[in-house]
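The file work_38.cif comes next; it holds mmCIF, C-alpha atoms and all ligand atoms.
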```cif
data_target
#
loop_
_atom_site.label_atom_id
_atom_site.label_comp_id
_atom_site.auth_asym_id
_atom_site.auth_seq_id
_atom_site.Cartn_x
_atom_site.Cartn_y
_atom_site.Cartn_z
CA MET A 20 110.43 105.53 88.24
CA ARG A 21 110.37 103.43 91.37
CA ILE A 22 107.81 104.01 94.09
CA VAL A 23 108.60 103.08 97.68
CA ILE A 24 105.87 102.54 100.25
CA ASP A 25 107.72 102.77 103.51
CA ASN A 26 106.15 101.57 106.75
CA VAL A 27 102.76 103.07 106.05
CA GLU A 28 100.10 103.04 108.76
CA LYS A 29 96.61 104.54 108.70
CA LYS A 30 94.27 105.01 111.62
CA PHE A 31 90.69 106.25 111.34
CA ILE A 32 88.17 107.30 113.96
CA ASP A 33 84.98 105.28 113.49
CA ASN A 34 81.43 106.50 114.12
CA LYS A 35 81.65 105.37 117.77
CA LYS A 36 84.72 107.60 118.20
CA ARG A 37 86.99 104.58 118.43
CA GLU A 38 90.36 104.47 116.76
CA VAL A 39 90.54 101.84 114.02
CA THR A 40 93.80 100.79 112.43
CA ALA A 41 93.02 100.35 108.75
CA LEU A 42 96.61 99.76 107.61
CA GLU A 43 99.71 98.72 109.49
CA ASN A 44 103.32 97.98 108.56
CA ILE A 45 102.85 98.37 104.84
CA ASN A 46 106.16 98.04 103.02
CA PHE A 47 106.55 97.34 99.33
CA THR A 48 107.83 98.87 96.11
CA ILE A 49 106.43 99.38 92.66
CA GLU A 50 109.31 98.95 90.26
CA GLU A 51 109.73 100.74 86.96
CA GLN A 52 107.34 99.20 84.40
CA GLU A 53 105.78 96.93 86.98
CA LEU A 54 102.09 96.17 87.42
CA VAL A 55 101.42 95.47 91.09
CA VAL A 56 98.00 94.20 92.12
CA LEU A 57 96.55 94.70 95.60
CA VAL A 58 94.03 92.05 96.51
CA GLY A 59 92.10 91.39 99.69
CA PRO A 60 88.58 91.11 101.10
CA SER A 61 86.17 93.99 101.39
CA GLY A 62 87.24 96.53 103.98
CA CYS A 63 90.88 95.43 104.22
CA GLY A 64 92.16 98.86 103.24
CA LYS A 65 92.87 98.55 99.51
CA SER A 66 91.30 101.87 98.54
CA THR A 67 92.84 103.57 101.54
CA LEU A 68 96.27 102.36 100.48
CA LEU A 69 95.74 103.39 96.86
CA ASN A 70 94.62 106.84 97.98
CA ILE A 71 97.69 107.20 100.17
CA VAL A 72 100.01 106.17 97.33
CA GLY A 73 98.21 108.68 95.09
CA GLY A 74 98.64 111.46 97.64
CA LEU A 75 94.86 111.87 98.04
CA MET A 76 95.09 110.91 101.70
CA SER A 77 97.96 111.21 104.15
CA PRO A 78 99.22 108.24 106.17
CA SER A 79 99.18 108.35 109.98
CA ARG A 80 102.74 107.08 109.89
CA GLY A 81 105.33 106.24 107.28
CA GLN A 82 105.72 107.67 103.82
CA VAL A 83 105.48 107.11 100.11
CA TYR A 84 108.27 108.35 97.90
CA PHE A 85 108.93 108.43 94.23
CA GLU A 86 112.54 107.76 93.28
CA GLY A 87 114.03 109.55 90.31
CA THR A 88 111.64 112.49 90.06
CA GLU A 89 114.48 114.98 90.69
CA GLY A 90 112.35 116.94 93.11
CA LYS A 91 109.45 117.36 90.68
CA GLU A 92 105.92 116.41 91.69
CA PRO A 93 105.18 112.99 90.22
CA ASN A 94 102.54 112.83 87.52
CA LEU A 95 99.69 110.50 88.49
CA GLY A 96 96.85 108.97 86.51
CA ILE A 97 93.92 107.64 88.51
CA VAL A 98 90.99 105.46 87.44
CA PHE A 99 88.25 104.82 89.98
CA GLN A 100 85.53 102.20 90.07
CA GLU A 101 82.83 104.74 89.33
CA ILE A 102 84.37 106.75 86.56
CA ALA A 103 83.56 110.38 87.19
CA LEU A 104 83.42 111.76 83.67
CA PHE A 105 82.14 115.31 83.37
CA PRO A 106 78.64 114.88 81.92
CA TRP A 107 78.77 118.24 80.12
CA ARG A 108 82.02 117.42 78.37
CA THR A 109 82.42 115.19 75.31
CA VAL A 110 84.71 112.16 75.33
CA TYR A 111 87.46 114.25 73.77
CA GLU A 112 86.98 117.09 76.25
CA ASN A 113 87.02 114.64 79.14
CA VAL A 114 90.17 112.92 77.89
CA ILE A 115 92.15 116.15 77.57
CA PHE A 116 90.96 117.53 80.92
CA GLY A 117 94.25 116.79 82.72
CA LEU A 118 96.24 118.27 79.83
CA GLU A 119 94.24 121.50 79.99
CA GLU A 120 94.90 121.72 83.71
CA ARG A 121 98.59 121.33 83.06
CA GLY A 122 98.55 124.13 80.52
CA VAL A 123 99.48 121.95 77.55
CA SER A 124 99.15 123.69 74.16
CA LYS A 125 96.08 123.16 71.99
CA LYS A 126 98.04 121.33 69.30
CA GLU A 127 99.56 118.90 71.78
CA ARG A 128 96.19 118.37 73.46
CA GLU A 129 94.67 117.44 70.13
CA GLU A 130 97.48 115.04 69.27
CA LYS A 131 97.59 113.34 72.64
CA GLY A 132 93.83 113.31 73.06
CA GLN A 133 93.36 111.55 69.74
CA TYR A 134 96.26 109.17 70.36
CA TYR A 135 94.82 107.90 73.63
CA ILE A 136 91.24 107.84 72.37
CA ASP A 137 92.46 105.61 69.54
CA MET A 138 94.46 103.48 71.96
CA VAL A 139 91.42 102.64 74.11
CA GLY A 140 89.28 101.94 71.05
CA LEU A 141 86.98 104.98 71.19
CA THR A 142 87.78 106.30 67.72
CA GLY A 143 84.61 107.84 66.31
CA PHE A 144 83.16 108.66 69.72
CA GLU A 145 85.21 111.82 70.33
CA ASN A 146 82.13 114.04 70.27
CA SER A 147 79.81 111.76 72.25
CA TYR A 148 78.70 112.69 75.74
CA PRO A 149 79.09 110.27 78.68
CA LYS A 150 75.36 109.55 78.83
CA GLN A 151 75.57 108.23 75.26
CA LEU A 152 78.21 105.63 76.22
CA SER A 153 77.92 102.10 77.62
CA GLY A 154 79.57 101.27 80.95
CA GLY A 155 82.59 99.74 79.22
CA MET A 156 83.01 102.77 76.97
CA LYS A 157 82.89 105.11 79.96
CA GLN A 158 85.64 103.06 81.57
CA ARG A 159 87.67 103.33 78.36
CA ALA A 160 87.24 107.10 78.35
CA GLY A 161 88.33 107.20 82.00
CA ILE A 162 91.41 105.14 81.17
CA ALA A 163 92.26 107.42 78.21
CA ARG A 164 91.93 110.44 80.49
CA ALA A 165 94.33 108.88 83.02
CA LEU A 166 96.80 107.88 80.29
CA SER A 167 96.72 111.23 78.49
CA VAL A 168 98.86 112.93 81.14
CA GLU A 169 101.48 110.21 80.60
CA PRO A 170 101.69 109.49 84.30
CA ASP A 171 104.71 108.24 86.22
CA LEU A 172 102.30 105.98 88.07
CA LEU A 173 98.89 104.70 87.03
CA LEU A 174 96.51 103.94 89.90
CA MET A 175 93.40 101.86 89.27
CA ASP A 176 90.82 101.06 91.94
CA GLU A 177 88.53 98.22 90.80
CA PRO A 178 88.04 99.89 87.41
CA PHE A 179 86.02 97.05 85.92
CA SER A 180 83.98 95.82 88.86
CA ALA A 181 80.77 97.51 87.72
CA LEU A 182 80.92 95.86 84.29
CA ASP A 183 79.24 92.63 83.23
CA ALA A 184 81.43 89.53 83.11
CA GLN A 185 82.03 89.48 79.34
CA THR A 186 82.84 93.18 79.09
CA ARG A 187 85.10 92.80 82.07
CA THR A 188 87.07 89.98 80.44
CA LEU A 189 87.46 92.02 77.25
CA MET A 190 88.56 95.09 79.18
CA GLN A 191 91.16 93.06 81.09
CA GLU A 192 92.59 91.85 77.78
CA GLU A 193 92.61 95.37 76.39
CA LEU A 194 94.20 96.77 79.50
CA LEU A 195 97.11 94.36 79.05
CA THR A 196 97.46 95.36 75.40
CA ILE A 197 97.50 99.03 76.42
CA TRP A 198 99.83 98.31 79.28
CA ASN A 199 102.17 96.51 76.91
CA ARG A 200 102.40 99.63 74.77
CA THR A 201 102.81 102.12 77.62
CA ARG A 202 104.58 99.98 80.25
CA LEU A 203 103.48 102.33 82.98
CA SER A 204 104.26 101.52 86.58
CA THR A 205 100.82 100.59 87.84
CA LEU A 206 99.07 99.88 91.12
CA TYR A 207 95.84 98.00 90.49
CA VAL A 208 93.26 97.21 93.17
CA THR A 209 90.80 94.34 92.88
CA HIS A 210 89.07 91.77 95.02
CA ASN A 211 88.88 89.42 92.04
CA ILE A 212 91.57 86.74 92.30
CA GLN A 213 91.43 85.68 88.63
CA GLU A 214 91.93 89.28 87.61
CA ALA A 215 94.86 89.64 90.00
CA VAL A 216 96.63 86.59 88.57
CA TYR A 217 95.80 87.59 85.01
CA LEU A 218 97.17 91.12 85.28
CA GLY A 219 99.83 91.22 87.97
CA ASP A 220 103.59 90.98 87.83
CA ARG A 221 103.27 90.71 91.58
CA VAL A 222 100.16 90.27 93.70
CA ILE A 223 100.08 91.70 97.20
CA VAL A 224 97.61 89.94 99.46
CA LEU A 225 96.27 92.10 102.29
CA SER A 226 94.75 90.81 105.50
CA ARG A 227 91.87 92.43 107.30
CA ARG A 228 91.71 94.45 110.53
CA PRO A 229 94.29 95.70 110.58
CA GLY A 230 95.24 95.61 106.91
CA ARG A 231 98.67 94.08 106.75
CA ILE A 232 100.60 92.45 103.95
CA LYS A 233 100.05 88.72 104.22
CA GLU A 234 102.15 87.78 101.29
CA ILE A 235 103.64 89.12 98.08
CA ILE A 236 103.37 86.61 95.25
CA LYS A 237 105.39 86.91 92.07
CA ILE A 238 103.41 85.66 89.09
CA ASP A 239 106.00 83.80 87.07
CA LEU A 240 104.05 83.50 83.83
CA PRO A 241 104.41 85.42 80.57
CA LYS A 242 102.61 88.73 80.86
CA MET A 243 100.52 88.29 77.74
CA GLY A 244 98.45 85.18 77.23
CA ARG A 245 98.83 83.64 80.64
CA ASP A 246 95.22 82.50 80.44
CA GLN A 247 96.16 80.08 77.65
CA GLU A 248 95.53 76.36 78.05
CA ILE A 249 99.24 75.55 78.52
CA TYR A 250 99.43 77.69 81.65
CA ARG A 251 96.13 76.55 83.09
CA ASP A 252 97.63 74.51 85.93
CA GLN A 253 99.96 77.28 87.05
CA PHE A 254 97.19 79.85 86.77
CA GLU A 255 95.03 77.71 89.00
CA GLN A 256 97.83 77.13 91.47
CA TYR A 257 98.37 80.86 91.87
CA SER A 258 94.64 81.45 92.22
CA ASN A 259 94.32 78.73 94.85
CA GLU A 260 97.32 80.01 96.75
CA ILE A 261 95.80 83.49 96.92
CA TRP A 262 92.34 82.18 97.76
CA ASP A 263 93.79 80.12 100.64
CA LEU A 264 95.36 83.30 102.00
CA ILE A 265 92.14 85.28 101.72
CA ARG A 266 89.48 82.70 102.54
CA GLN A 267 89.25 83.13 106.29
CA ASP A 268 89.28 86.92 106.15
CA ALA A 269 86.68 86.93 103.40
CA GLN A 270 84.36 84.72 105.45
CA GLU A 271 84.68 87.08 108.39
CA ALA A 272 83.97 90.06 106.15
CA LEU A 273 80.85 88.31 104.91
CA LYS A 274 79.52 87.74 108.43
CA GLU A 275 79.84 91.43 109.22
CA ALA A 276 78.28 92.63 106.00
N1 LIG B 301 87.25 108.19 105.93
C1 LIG B 301 87.13 107.12 106.73
N2 LIG B 301 86.76 107.26 108.03
C2 LIG B 301 86.66 106.20 108.85
N3 LIG B 301 86.94 104.94 108.48
C3 LIG B 301 87.29 104.72 107.20
C4 LIG B 301 87.41 105.80 106.25
N4 LIG B 301 87.81 105.29 105.06
C5 LIG B 301 87.91 103.96 105.26
N5 LIG B 301 87.63 103.62 106.53
C6 LIG B 301 87.68 102.25 107.09
O1 LIG B 301 88.94 101.68 106.77
C7 LIG B 301 88.80 100.32 106.39
C8 LIG B 301 89.35 100.11 104.99
O2 LIG B 301 88.50 100.73 104.03
P1 LIG B 301 88.79 100.69 102.47
O3 LIG B 301 87.72 101.43 101.78
O4 LIG B 301 90.20 101.12 102.23
O5 LIG B 301 88.68 99.13 102.16
P2 LIG B 301 88.68 98.36 100.76
O6 LIG B 301 89.64 97.22 100.90
O7 LIG B 301 88.90 99.31 99.65
O8 LIG B 301 87.19 97.76 100.69
P3 LIG B 301 86.28 97.42 99.39
O9 LIG B 301 86.82 96.14 98.81
O10 LIG B 301 84.93 97.20 99.98
O11 LIG B 301 86.36 98.59 98.45
C9 LIG B 301 87.33 99.98 106.54
O12 LIG B 301 87.14 99.37 107.79
C10 LIG B 301 86.64 101.33 106.48
O13 LIG B 301 85.46 101.32 107.23
MG MG B 302 87.75 99.92 97.96
#
```
Structure encoded using structure tokens:
Amino acid sequence: MRIVIDNVEKKFIDNKKREVTALENINFTIEEQELVVLVGPSGCGKSTLLNIVGGLMSPSRGQVYFEGTEGKEPNLGIVFQEIALFPWRTVYENVIFGLEERGVSKKEREEKGQYYIDMVGLTGFENSYPKQLSGGMKQRAGIARALSVEPDLLLMDEPFSALDAQTRTLMQEELLTIWNRTRLSTLYVTHNIQEAVYLGDRVIVLSRRPGRIKEIIKIDLPKMGRDQEIYRDQFEQYSNEIWDLIRQDAQEALKEA
């Protein structure tokens, strides 16, 4: 499946009743089996764009279309920063939520639920409740829930930003392992440049006010293990290139915060 974001624009009305252009002239594609990362300073419109691609918000102009769905509604898996697990449901019950909604049979729910729980490393925690899980485990459960519907597109909005640095690094590694098994077309939002270079096939750098595409950078490094010593120089070059593009906008964002 190929996803085309065609000339998307989004205007909001702010609290002083002024029109604010959050996104303008957004054109890019997410190719089959591609992991595209959106990066940019706070307030540049990353979440807005992700929500538009996921159909949770409509654009003021332009459109998003999914090629090769043969008229069917695309299946989407979404992981947010603050994972909203149902507190009254166990890990297993949370993971199969989307399958229940889609009317999948009990047998298939059990098979798929277990398969994705195992994949994210939560085996043994099927009957735990969210309050019994660490932050990283909640994120895993949220990822399993998004994967369980076997989406045409996986959308992730800063899924690891609330985690401590070590857990975050581990989760990034695991996400790549999972991604390598599923090869889902993915749109991943972060403001962390290292993370963008580590995960992305392509990194889209957004500017601020209005959010426009500054540059699309192809990360020409092997998908797995690009943090190895031998790639250190290239990794740093990509990071610096992205930081140079973001620096000025980020400083402005800081002044306003
Ligand atoms: N519902 C809304 N009504 C009015 N303005 C909004 C609304 N949602 C977002 N905005 C504005 O649009 C701009 C982009 O917001 P958005 O949340 O997409 O940014 P972001 O890049 O995800 O930021 P962050 O990195 O802080 O999550 C901001 O200026 C924000 O104030
Ligand atoms: Mg956001």
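When atom CA of Val83 of chain A is paired with atom CA of Val27 of chain A, their separation reads 7.7 Å.
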Self-check item: For segment 36-40 of chain A: contacts at 12 Å, all atoms listed in the file, fewer than 4 positions along chain excluded, given as an MDAnalysis selection string
Solution: chainID A and resid 27:32 44 62:64 67 78:80 227:231
Quiz prompt | Neighbour list for Asn46 of chain A as a list in words, cut-off 6 Å, only C-alpha atoms, skip fewer than 5 positions in-chain | solution =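 Result of the neighbour search: Ile24, Asp25 and Asn26 of chain A.
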Exercise. For each of A:Gly90, A:Pro178, A:Pro106, A:Gly244, take the minimum atom-to-atom distance to ligand MG 302 (chain B), counting only C-alpha atoms and all ligand atoms, then give the residue where this is smallest.
Key: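 Using only C-alpha atoms and all ligand atoms, the shortest distance to ligand MG 302 (chain B) belongs to A:Pro178.
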Quiz prompt | Residues within 9 Å of ligand MG 302 (chain B), counting only C-alpha atoms and all ligand atoms, as an NGL selection string | solution = :A and (61-67 or 69 or 100 or 176-177 or 208-210)
Quiz item: For Leu166 of chain A, which of A:Phe179, A:Tyr135, A:Phe144, A:Tyr84 is the closest residue, counting only C-alpha atoms?
Solution: A:Tyr135
Give the padded box for segment 249-255 of chain A as JSON: axis-aligned, covering all atoms listed in the file, 4 Å on each side, centre and edge lengths in Å to one decimal.
```
{"center_x": 97.5, "center_y": 77.2, "center_z": 83.8, "size_x": 12.9, "size_y": 13.3, "size_z": 18.5}
```
Quiz prompt | Given all atoms listed in the file as the counted atoms, nearest of A:Pro60, A:Gly143, A:Gly117, A:Pro149 to ligand LIG 301 (chain B) | solution = A:Pro60
Quiz item: For the atom pair atom CA of Val139 of chain A and atom CA of Tyr217 of chain A, what is the interatomic distance in Å to one decimal place?
Solution: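 Between these atoms lies a distance of 19.1 Å.
Across the model, the gap from atom CA of Ile49 of chain A to atom CA of Arg121 of chain A is 25.2 Å.
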Set the distance at 10 Å and use all atoms listed in the file: which residues neighbour Asn94 of chain A once local chain neighbours fewer than 6 positions away are removed? I'd like the list as an mmCIF file with C-alpha atoms, in the frame of the given file.
```cif
data_model
loop_
_atom_site.group_PDB
_atom_site.id
_atom_site.type_symbol
_atom_site.label_atom_id
_atom_site.label_comp_id
_atom_site.auth_asym_id
_atom_site.auth_seq_id
_atom_site.Cartn_x
_atom_site.Cartn_y
_atom_site.Cartn_z
ATOM 1 C CA GLY A 73 98.210 108.680 95.090
ATOM 2 C CA THR A 88 111.640 112.490 90.060
ATOM 3 C CA VAL A 168 98.860 112.930 81.140
ATOM 4 C CA GLU A 169 101.480 110.210 80.600
ATOM 5 C CA PRO A 170 101.690 109.490 84.300
ATOM 6 C CA ASP A 171 104.710 108.240 86.220
ATOM 7 C CA LEU A 172 102.300 105.980 88.070
ATOM 8 C CA LEU A 173 98.890 104.700 87.030
#
```
Exercise. Step by step: start from the point (98.0, 90.3, 100.2) in the file's coordinates, keep every protein, DNA or RNA residue that has an atom no farther than 8 Å from it, count all atoms listed in the file, and write the set as JSON, numbers by chain.
Key: {"A": [57, 58, 59, 222, 223, 224, 225, 226, 231, 232, 233, 234, 235, 261, 264, 265]}
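Closest approach to Val123 of chain A from the set A:Ser167, A:Gln213, A:Thr205, A:Ser77 is made by A:Ser167, with distances taken over only C-alpha atoms.
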Quiz prompt | Among the residues A:Phe116, A:Tyr148, A:Phe254, A:Phe85, the one that comes closest to Lys131 of chain A [using only C-alpha atoms] | solution =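 Smallest separation from Lys131 of chain A among the options: A:Phe116.
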Practice problem: Go ahead and find all residues with at least one atom no further than 9 Å from (102.8, 100.7, 87.0) in the file's coordinates, using only C-alpha atoms; report them as a PyMOL selection string. | Solution: chain A and resi 49-55+171-174+198+202-207
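Among the candidates A:Asn146, A:Gln253, A:Asn199, A:Asn211, the residue lying nearest to ligand LIG 301 (chain B) is A:Asn211 (atoms considered: all atoms listed in the file).
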Exercise. For Leu218 of chain A, work out the shell of residues within 8 Å, counting all atoms listed in the file and skipping chain neighbours fewer than 4 positions away, then give it as a list in words.
Key: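 Contacts, in chain order: Leu54, Val56, Gln191, Leu195, Glu214 and Lys242 of chain A.
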Using only C-alpha atoms, please write the residues we just selected to a file, as a PDB file, in the frame of the given file.
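selection.pdb, freshly written:
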```
ATOM      1  CA  LEU A  54     102.090  96.170  87.420  1.00  0.00           C
ATOM      2  CA  VAL A  56      98.000  94.200  92.120  1.00  0.00           C
ATOM      3  CA  GLN A 191      91.160  93.060  81.090  1.00  0.00           C
ATOM      4  CA  LEU A 195      97.110  94.360  79.050  1.00  0.00           C
ATOM      5  CA  GLU A 214      91.930  89.280  87.610  1.00  0.00           C
ATOM      6  CA  LYS A 242     102.610  88.730  80.860  1.00  0.00           C
TER       7      LYS A 242
END
```
Kindly output segment 108-136 of chain A as an mmCIF file, keeping the file's coordinate frame, after building N, CA and C atoms.
```cif
data_model
loop_
_atom_site.group_PDB
_atom_site.id
_atom_site.type_symbol
_atom_site.label_atom_id
_atom_site.label_comp_id
_atom_site.auth_asym_id
_atom_site.auth_seq_id
_atom_site.Cartn_x
_atom_site.Cartn_y
_atom_site.Cartn_z
ATOM 1 N N ARG A 108 80.903 117.423 79.298
ATOM 2 C CA ARG A 108 82.020 117.420 78.370
ATOM 3 C C ARG A 108 81.935 116.189 77.462
ATOM 4 N N THR A 109 82.377 116.340 76.233
ATOM 5 C CA THR A 109 82.420 115.190 75.310
ATOM 6 C C THR A 109 83.558 114.258 75.724
ATOM 7 N N VAL A 110 83.616 113.104 75.070
ATOM 8 C CA VAL A 110 84.710 112.160 75.330
ATOM 9 C C VAL A 110 86.047 112.867 75.158
ATOM 10 N N TYR A 111 86.192 113.556 74.028
ATOM 11 C CA TYR A 111 87.460 114.250 73.770
ATOM 12 C C TYR A 111 87.767 115.261 74.877
ATOM 13 N N GLU A 112 86.762 116.053 75.235
ATOM 14 C CA GLU A 112 86.980 117.090 76.250
ATOM 15 C C GLU A 112 87.293 116.485 77.628
ATOM 16 N N ASN A 113 86.694 115.329 77.899
ATOM 17 C CA ASN A 113 87.020 114.640 79.140
ATOM 18 C C ASN A 113 88.460 114.129 79.124
ATOM 19 N N VAL A 114 88.843 113.544 77.982
ATOM 20 C CA VAL A 114 90.170 112.920 77.890
ATOM 21 C C VAL A 114 91.283 113.952 78.048
ATOM 22 N N ILE A 115 91.067 115.146 77.505
ATOM 23 C CA ILE A 115 92.150 116.150 77.570
ATOM 24 C C ILE A 115 92.080 117.017 78.827
ATOM 25 N N PHE A 116 91.151 116.687 79.732
ATOM 26 C CA PHE A 116 90.960 117.530 80.920
ATOM 27 C C PHE A 116 92.279 117.769 81.672
ATOM 28 N N GLY A 117 93.003 116.672 81.950
ATOM 29 C CA GLY A 117 94.250 116.790 82.720
ATOM 30 C C GLY A 117 95.303 117.603 81.969
ATOM 31 N N LEU A 118 95.265 117.527 80.634
ATOM 32 C CA LEU A 118 96.240 118.270 79.830
ATOM 33 C C LEU A 118 95.939 119.769 79.885
ATOM 34 N N GLU A 119 94.645 120.093 79.852
ATOM 35 C CA GLU A 119 94.240 121.500 79.990
ATOM 36 C C GLU A 119 94.735 122.064 81.306
ATOM 37 N N GLU A 120 94.494 121.278 82.373
ATOM 38 C CA GLU A 120 94.900 121.720 83.710
ATOM 39 C C GLU A 120 96.394 121.963 83.798
ATOM 40 N N ARG A 121 97.140 121.188 83.022
ATOM 41 C CA ARG A 121 98.590 121.330 83.060
ATOM 42 C C ARG A 121 99.090 122.384 82.077
ATOM 43 N N GLY A 122 98.166 123.036 81.417
ATOM 44 C CA GLY A 122 98.550 124.130 80.520
ATOM 45 C C GLY A 122 99.223 123.676 79.236
ATOM 46 N N VAL A 123 98.896 122.474 78.791
ATOM 47 C CA VAL A 123 99.480 121.950 77.550
ATOM 48 C C VAL A 123 98.852 122.678 76.348
ATOM 49 N N SER A 124 99.645 122.928 75.327
ATOM 50 C CA SER A 124 99.150 123.690 74.160
ATOM 51 C C SER A 124 98.033 122.956 73.433
ATOM 52 N N LYS A 125 97.236 123.722 72.673
ATOM 53 C CA LYS A 125 96.080 123.160 71.990
ATOM 54 C C LYS A 125 96.506 122.049 71.017
ATOM 55 N N LYS A 126 97.566 122.300 70.299
ATOM 56 C CA LYS A 126 98.040 121.330 69.300
ATOM 57 C C LYS A 126 98.402 119.999 69.976
ATOM 58 N N GLU A 127 99.142 120.117 71.075
ATOM 59 C CA GLU A 127 99.560 118.900 71.780
ATOM 60 C C GLU A 127 98.360 118.193 72.403
ATOM 61 N N ARG A 128 97.401 118.978 72.896
ATOM 62 C CA ARG A 128 96.190 118.370 73.460
ATOM 63 C C ARG A 128 95.473 117.552 72.404
ATOM 64 N N GLU A 129 95.379 118.133 71.210
ATOM 65 C CA GLU A 129 94.670 117.440 70.130
ATOM 66 C C GLU A 129 95.384 116.149 69.754
ATOM 67 N N GLU A 130 96.700 116.229 69.647
ATOM 68 C CA GLU A 130 97.480 115.040 69.270
ATOM 69 C C GLU A 130 97.359 113.945 70.316
ATOM 70 N N LYS A 131 97.612 114.336 71.561
ATOM 71 C CA LYS A 131 97.590 113.340 72.640
ATOM 72 C C LYS A 131 96.191 112.812 72.876
ATOM 73 N N GLY A 132 95.216 113.724 72.859
ATOM 74 C CA GLY A 132 93.830 113.310 73.060
ATOM 75 C C GLY A 132 93.447 112.233 72.053
ATOM 76 N N GLN A 133 93.722 112.503 70.788
ATOM 77 C CA GLN A 133 93.360 111.550 69.740
ATOM 78 C C GLN A 133 94.137 110.242 69.897
ATOM 79 N N TYR A 134 95.408 110.360 70.225
ATOM 80 C CA TYR A 134 96.260 109.170 70.360
ATOM 81 C C TYR A 134 95.703 108.212 71.418
ATOM 82 N N TYR A 135 95.309 108.773 72.564
ATOM 83 C CA TYR A 135 94.820 107.900 73.630
ATOM 84 C C TYR A 135 93.374 107.447 73.407
ATOM 85 N N ILE A 136 92.595 108.270 72.734
ATOM 86 C CA ILE A 136 91.240 107.840 72.370
ATOM 87 C C ILE A 136 91.337 106.646 71.412
#
```
